[in-house]
Amino acid sequence: MRWRSYVAVGDSFTEGMDDAYPDGSYRGWADLVATRLAVEAGPDFRYANLAIRGRLFPKVVAEQVPAALAMKPDLISFAAGGNDVLRRSFDPDAFVPRFDSVVQRLRSGGSDVVLFRFADVMSRLPGQRLMVPRVQLLNRVVGEVAERHGAILVDLYADDTYLNPLLWSTDRLHLSAAGHRRVAAQVLTALGVGCDEEWLLVPPHPAPSPWLAARAADLRWAGKHLAPWIRRRLTGRSSGDFITAKRPVLGPVDAD
């Protein structure tokens, strides 16, 4: 296997929310991928994860991309922009060329780069009329940029399995443990590396809830998750404030 080092760049998707280790820290698909690559590569394999929840695209580019390039890894995963499309300030005319230039920088350093077309998360969230076209734009741009610069594309959007709510956490925005396992399996498949077939298994799709029960669940979700998100937007705060990268430097991986 040609990859002896891997750096993950991005936001909460790559940090691993909401797939928790027993100590409460987050694992996620990138840790699972790194563990599998370490098995293939042997004890010299090194892994860093620079992703921080809540990070917008400009901060990912300013803070994480230079750090990743400085490590000169064999493999980089880059997933950013999902938080940006949720903001009213999102400017597609500025975003598109900058995304292209960032991927070009990552590839010019000699690293293989993994990009993602994001799974359909908007089916369970409000604001679909505004957000869906933005998500579609982001996914289209990712596909075009991957082809232009020879990046490895993982197309989660094409996988209807992510319409199963059990692949998502209770906040309806982040993946569940089962969702992260499936992403890890798809990344490894794109890399041509085998993985545990159980990672691709998903729970049976739950039966539809009665109307009143569904509306009650919506209200609970809004109070626990939507309202805090709105408060952070109004106060200029982020869920990633005071959070640092969980693996800021390349280091060995416990293959177990």
# chains A, B, ... in the order shown; residues from 1 in each chain; ligands from 1
call {"tool": "select_by_dssp", "arguments": {"residues": "region 158-243 of chain A", "states": "helix (DSSP H, G or I)", "output": "MDAnalysis selection string"}}
result
chainID A and resid 160:163 165:167 177:191 197:200 211:235
call {"tool": "write_last_selection", "arguments": {"atoms": "N, CA and C atoms", "output": "compact mmCIF listing (two decimals), in the first residue's frame"}}
result
# COMPACT_ATOMS: atom_id res chain seq x y z
N ASP A 160 -28.62 6.36 -1.51
CA ASP A 160 -29.91 6.60 -0.88
C ASP A 160 -30.02 5.98 0.51
N THR A 161 -29.07 5.15 0.88
CA THR A 161 -29.09 4.57 2.22
C THR A 161 -29.04 5.65 3.29
N TYR A 162 -28.45 6.79 2.97
CA TYR A 162 -28.35 7.88 3.96
C TYR A 162 -29.69 8.57 4.20
N LEU A 163 -30.73 8.15 3.49
CA LEU A 163 -32.07 8.63 3.81
C LEU A 163 -32.64 7.93 5.05
N PRO A 165 -32.98 7.48 8.70
CA PRO A 165 -32.66 8.38 9.83
C PRO A 165 -31.75 7.76 10.87
N LEU A 166 -31.66 6.43 10.90
CA LEU A 166 -30.80 5.78 11.89
C LEU A 166 -29.32 5.92 11.56
N LEU A 167 -28.99 6.44 10.38
CA LEU A 167 -27.60 6.75 10.06
C LEU A 167 -27.21 8.14 10.55
N ALA A 177 -23.08 6.54 14.79
CA ALA A 177 -21.96 5.60 14.69
C ALA A 177 -22.10 4.73 13.43
N ALA A 178 -23.33 4.29 13.14
CA ALA A 178 -23.55 3.48 11.93
C ALA A 178 -23.26 4.28 10.67
N GLY A 179 -23.61 5.57 10.68
CA GLY A 179 -23.32 6.42 9.53
C GLY A 179 -21.84 6.60 9.30
N HIS A 180 -21.09 6.80 10.38
CA HIS A 180 -19.64 6.95 10.25
C HIS A 180 -18.99 5.66 9.74
N ARG A 181 -19.47 4.52 10.21
CA ARG A 181 -18.91 3.26 9.72
C ARG A 181 -19.14 3.12 8.22
N ARG A 182 -20.33 3.50 7.76
CA ARG A 182 -20.62 3.38 6.33
C ARG A 182 -19.73 4.32 5.51
N VAL A 183 -19.54 5.56 5.98
CA VAL A 183 -18.64 6.47 5.28
C VAL A 183 -17.23 5.90 5.22
N ALA A 184 -16.75 5.38 6.34
CA ALA A 184 -15.40 4.79 6.37
C ALA A 184 -15.28 3.68 5.33
N ALA A 185 -16.30 2.82 5.25
CA ALA A 185 -16.27 1.73 4.28
C ALA A 185 -16.23 2.27 2.85
N GLN A 186 -16.97 3.35 2.59
CA GLN A 186 -16.99 3.91 1.24
C GLN A 186 -15.67 4.59 0.90
N VAL A 187 -15.04 5.23 1.87
CA VAL A 187 -13.73 5.83 1.63
C VAL A 187 -12.70 4.73 1.33
N LEU A 188 -12.69 3.69 2.13
CA LEU A 188 -11.73 2.61 1.91
C LEU A 188 -11.97 1.92 0.57
N THR A 189 -13.23 1.77 0.19
CA THR A 189 -13.53 1.19 -1.11
C THR A 189 -12.99 2.07 -2.23
N ALA A 190 -13.16 3.38 -2.10
CA ALA A 190 -12.63 4.31 -3.11
C ALA A 190 -11.11 4.24 -3.19
N LEU A 191 -10.47 3.94 -2.05
CA LEU A 191 -9.02 3.82 -2.02
C LEU A 191 -8.54 2.44 -2.47
N GLU A 197 -16.93 -5.88 6.28
CA GLU A 197 -18.19 -5.72 5.55
C GLU A 197 -19.33 -5.26 6.46
N GLU A 198 -19.21 -5.50 7.76
CA GLU A 198 -20.25 -5.05 8.68
C GLU A 198 -20.37 -3.54 8.73
N TRP A 199 -19.31 -2.84 8.33
CA TRP A 199 -19.38 -1.38 8.32
C TRP A 199 -20.41 -0.87 7.33
N LEU A 200 -20.72 -1.67 6.32
CA LEU A 200 -21.71 -1.26 5.32
C LEU A 200 -23.13 -1.62 5.71
N TRP A 211 -48.55 11.08 13.19
CA TRP A 211 -48.38 12.52 12.98
C TRP A 211 -48.11 13.26 14.28
N LEU A 212 -48.90 13.00 15.32
CA LEU A 212 -48.72 13.73 16.58
C LEU A 212 -47.38 13.41 17.22
N ALA A 213 -46.97 12.14 17.17
CA ALA A 213 -45.69 11.76 17.74
C ALA A 213 -44.54 12.41 16.98
N ALA A 214 -44.68 12.49 15.65
CA ALA A 214 -43.63 13.11 14.84
C ALA A 214 -43.51 14.60 15.14
N ARG A 215 -44.67 15.28 15.32
CA ARG A 215 -44.61 16.72 15.61
C ARG A 215 -44.02 16.96 17.01
N ALA A 216 -44.34 16.09 17.95
CA ALA A 216 -43.76 16.21 19.29
C ALA A 216 -42.25 16.03 19.24
N ALA A 217 -41.79 15.08 18.42
CA ALA A 217 -40.35 14.87 18.26
C ALA A 217 -39.70 16.09 17.62
N ASP A 218 -40.39 16.70 16.65
CA ASP A 218 -39.86 17.92 16.02
C ASP A 218 -39.69 19.03 17.04
N LEU A 219 -40.67 19.18 17.92
CA LEU A 219 -40.59 20.23 18.94
C LEU A 219 -39.43 19.98 19.90
N ARG A 220 -39.26 18.73 20.31
CA ARG A 220 -38.14 18.42 21.20
C ARG A 220 -36.81 18.69 20.51
N TRP A 221 -36.72 18.31 19.23
CA TRP A 221 -35.49 18.56 18.47
C TRP A 221 -35.22 20.06 18.37
N ALA A 222 -36.25 20.84 18.08
CA ALA A 222 -36.07 22.29 17.93
C ALA A 222 -35.57 22.91 19.23
N GLY A 223 -36.11 22.48 20.35
CA GLY A 223 -35.67 23.05 21.63
C GLY A 223 -34.26 22.64 22.01
N LYS A 224 -33.89 21.40 21.71
CA LYS A 224 -32.58 20.90 22.14
C LYS A 224 -31.46 21.25 21.17
N HIS A 225 -31.78 21.31 19.86
CA HIS A 225 -30.71 21.46 18.86
C HIS A 225 -30.83 22.72 18.01
N LEU A 226 -32.03 23.02 17.51
CA LEU A 226 -32.18 24.18 16.62
C LEU A 226 -32.02 25.49 17.38
N ALA A 227 -32.66 25.63 18.52
CA ALA A 227 -32.60 26.88 19.27
C ALA A 227 -31.16 27.24 19.67
N PRO A 228 -30.36 26.30 20.19
CA PRO A 228 -28.96 26.65 20.49
C PRO A 228 -28.17 27.05 19.24
N TRP A 229 -28.45 26.39 18.12
CA TRP A 229 -27.76 26.75 16.87
C TRP A 229 -28.10 28.19 16.48
N ILE A 230 -29.37 28.57 16.59
CA ILE A 230 -29.77 29.94 16.26
C ILE A 230 -29.12 30.93 17.21
N ARG A 231 -29.05 30.60 18.50
CA ARG A 231 -28.41 31.51 19.46
C ARG A 231 -26.94 31.72 19.12
N ARG A 232 -26.27 30.67 18.70
CA ARG A 232 -24.86 30.83 18.33
C ARG A 232 -24.72 31.73 17.10
N ARG A 233 -25.64 31.58 16.15
CA ARG A 233 -25.57 32.46 14.96
C ARG A 233 -25.79 33.92 15.35
N LEU A 234 -26.73 34.18 16.25
CA LEU A 234 -27.05 35.55 16.64
C LEU A 234 -25.92 36.19 17.46
N THR A 235 -25.18 35.37 18.18
CA THR A 235 -24.12 35.90 19.04
C THR A 235 -22.73 35.79 18.43
call {"tool": "select_by_dssp", "arguments": {"residues": "region 8-252 of chain A", "states": "strand (DSSP E or B)", "output": "PyMOL selection string"}}
result
chain A and resi 8-10+20+26+46-49+75-79+112-117+152-155+168+175+247-251
call {"tool": "write_last_selection", "arguments": {"atoms": "C-alpha atoms", "output": "compact mmCIF listing (two decimals), in the first residue's frame"}}
result
# COMPACT_ATOMS: atom_id res chain seq x y z
CA ALA A 8 -7.81 14.58 7.72
CA VAL A 9 -8.96 18.18 7.18
CA GLY A 10 -12.42 19.61 7.77
CA ALA A 20 -18.16 8.58 20.60
CA TYR A 26 -15.18 11.45 19.06
CA ARG A 46 1.13 7.99 10.78
CA TYR A 47 -2.18 9.85 11.09
CA ALA A 48 -3.30 13.39 12.00
CA ASN A 49 -6.83 14.77 12.24
CA LEU A 75 -3.03 11.10 1.67
CA ILE A 76 -5.29 14.04 2.61
CA SER A 77 -9.05 14.02 3.04
CA PHE A 78 -10.69 17.42 2.57
CA ALA A 79 -14.33 18.01 3.50
CA ASP A 112 -3.55 11.97 -3.00
CA VAL A 113 -6.70 13.86 -2.02
CA VAL A 114 -10.11 12.48 -1.04
CA LEU A 115 -13.16 14.72 -1.62
CA PHE A 116 -16.81 14.17 -0.72
CA ARG A 117 -20.15 14.83 -2.28
CA ILE A 152 -10.52 10.62 -5.29
CA LEU A 153 -14.27 11.26 -5.09
CA VAL A 154 -16.51 9.62 -2.48
CA ASP A 155 -20.09 10.22 -3.61
CA TRP A 168 -27.91 10.18 11.68
CA LEU A 175 -23.83 11.06 11.44
CA ARG A 247 -4.73 14.74 16.54
CA PRO A 248 -2.78 17.89 15.57
CA VAL A 249 0.41 16.13 14.50
CA LEU A 250 1.21 12.94 12.63
CA GLY A 251 1.44 10.06 15.03
call {"tool": "residues_around", "arguments": {"residues": "Asp11 (chain A)", "least_positions_apart": "6", "cutoff": "9 Å", "atoms": "only C-alpha atoms", "output": "mmCIF file with C-alpha atoms, in the first residue's frame"}}
result
data_model
loop_
_atom_site.group_PDB
_atom_site.id
_atom_site.type_symbol
_atom_site.label_atom_id
_atom_site.label_comp_id
_atom_site.auth_asym_id
_atom_site.auth_seq_id
_atom_site.Cartn_x
_atom_site.Cartn_y
_atom_site.Cartn_z
ATOM 1 C CA LEU A 50 -7.018 18.579 12.164
ATOM 2 C CA ALA A 51 -10.810 18.841 11.810
ATOM 3 C CA ILE A 52 -12.773 20.995 14.273
ATOM 4 C CA ARG A 53 -16.538 21.192 14.583
ATOM 5 C CA GLY A 54 -18.261 24.354 13.367
ATOM 6 C CA ARG A 55 -15.377 25.483 11.182
ATOM 7 C CA LEU A 56 -16.324 27.499 8.112
ATOM 8 C CA PHE A 57 -14.492 27.056 4.827
ATOM 9 C CA VAL A 60 -10.382 25.469 7.399
ATOM 10 C CA ALA A 79 -14.328 18.015 3.503
ATOM 11 C CA ALA A 80 -15.405 21.628 4.027
ATOM 12 C CA GLY A 81 -18.194 23.957 2.983
ATOM 13 C CA GLY A 82 -21.119 22.207 4.640
ATOM 14 C CA ASN A 83 -21.335 24.793 7.418
ATOM 15 C CA GLY A 240 -15.931 24.835 17.850
#
call {"tool": "closest_residue", "arguments": {"among": "A:Ser108, A:Ser176, A:Ser5, A:Ser12", "to": "Ala34 (chain A)", "atoms": "only C-alpha atoms"}}
result
A:Ser5
call {"tool": "closest_residue", "arguments": {"among": "A:Glu63, A:Asp196, A:Asp44, A:Asp18", "to": "Ala245 (chain A)", "atoms": "only C-alpha atoms"}}
result
A:Glu63
call {"tool": "atom_distance", "arguments": {"atom1": "CA of Asp254 (chain A)", "atom2": "CA of Thr170 (chain A)"}}
result
29.3 Å
call {"tool": "residues_around", "arguments": {"residues": "Thr35 (chain A)", "least_positions_apart": "4", "cutoff": "7 Å", "atoms": "only C-alpha atoms", "output": "PyMOL selection string"}}
result
chain A and resi 31+39+253-255
call {"tool": "write_last_selection", "arguments": {"atoms": "N, CA, C and O atoms", "output": "compact mmCIF listing (two decimals), in the first residue's frame"}}
result
# COMPACT_ATOMS: atom_id res chain seq x y z
N ASP A 31 -11.02 8.26 11.75
CA ASP A 31 -10.27 7.38 12.65
C ASP A 31 -10.38 5.94 12.19
O ASP A 31 -9.40 5.17 12.25
N VAL A 39 -3.33 -1.01 9.52
CA VAL A 39 -3.21 -2.46 9.42
C VAL A 39 -2.49 -2.84 8.13
O VAL A 39 -1.61 -3.72 8.11
N VAL A 253 -0.90 4.95 14.96
CA VAL A 253 -2.29 4.57 15.17
C VAL A 253 -2.32 3.19 15.79
O VAL A 253 -1.60 2.28 15.35
N ASP A 254 -3.18 3.04 16.79
CA ASP A 254 -3.39 1.72 17.39
C ASP A 254 -4.24 0.91 16.41
O ASP A 254 -5.43 1.17 16.25
N ALA A 255 -3.66 -0.04 15.76
CA ALA A 255 -4.36 -0.82 14.74
C ALA A 255 -5.45 -1.69 15.31
O ALA A 255 -6.27 -2.25 14.57
call {"tool": "closest_residue", "arguments": {"among": "A:Asn164, A:Ser123, A:Ser169, A:Asn139", "to": "Met17 (chain A)", "atoms": "only C-alpha atoms"}}
result
A:Ser169
call {"tool": "atom_distance", "arguments": {"atom1": "CA of Leu156 (chain A)", "atom2": "CA of Glu144 (chain A)"}}
result
15.2 Å
call {"tool": "closest_residue", "arguments": {"among": "A:Gly110, A:Asp23, A:Pro66, A:Pro252", "to": "Gly42 (chain A)", "atoms": "only C-alpha atoms"}}
result
A:Pro252
call {"tool": "closest_residue", "arguments": {"among": "A:Pro206, A:Gly194, A:Gly236, A:Gly109", "to": "Leu37 (chain A)", "atoms": "only C-alpha atoms"}}
result
A:Gly194
call {"tool": "closest_residue", "arguments": {"among": "A:Val141, A:Pro203, A:Val65, A:Gln128", "to": "Pro92 (chain A)", "atoms": "only C-alpha atoms"}}
result
A:Val141
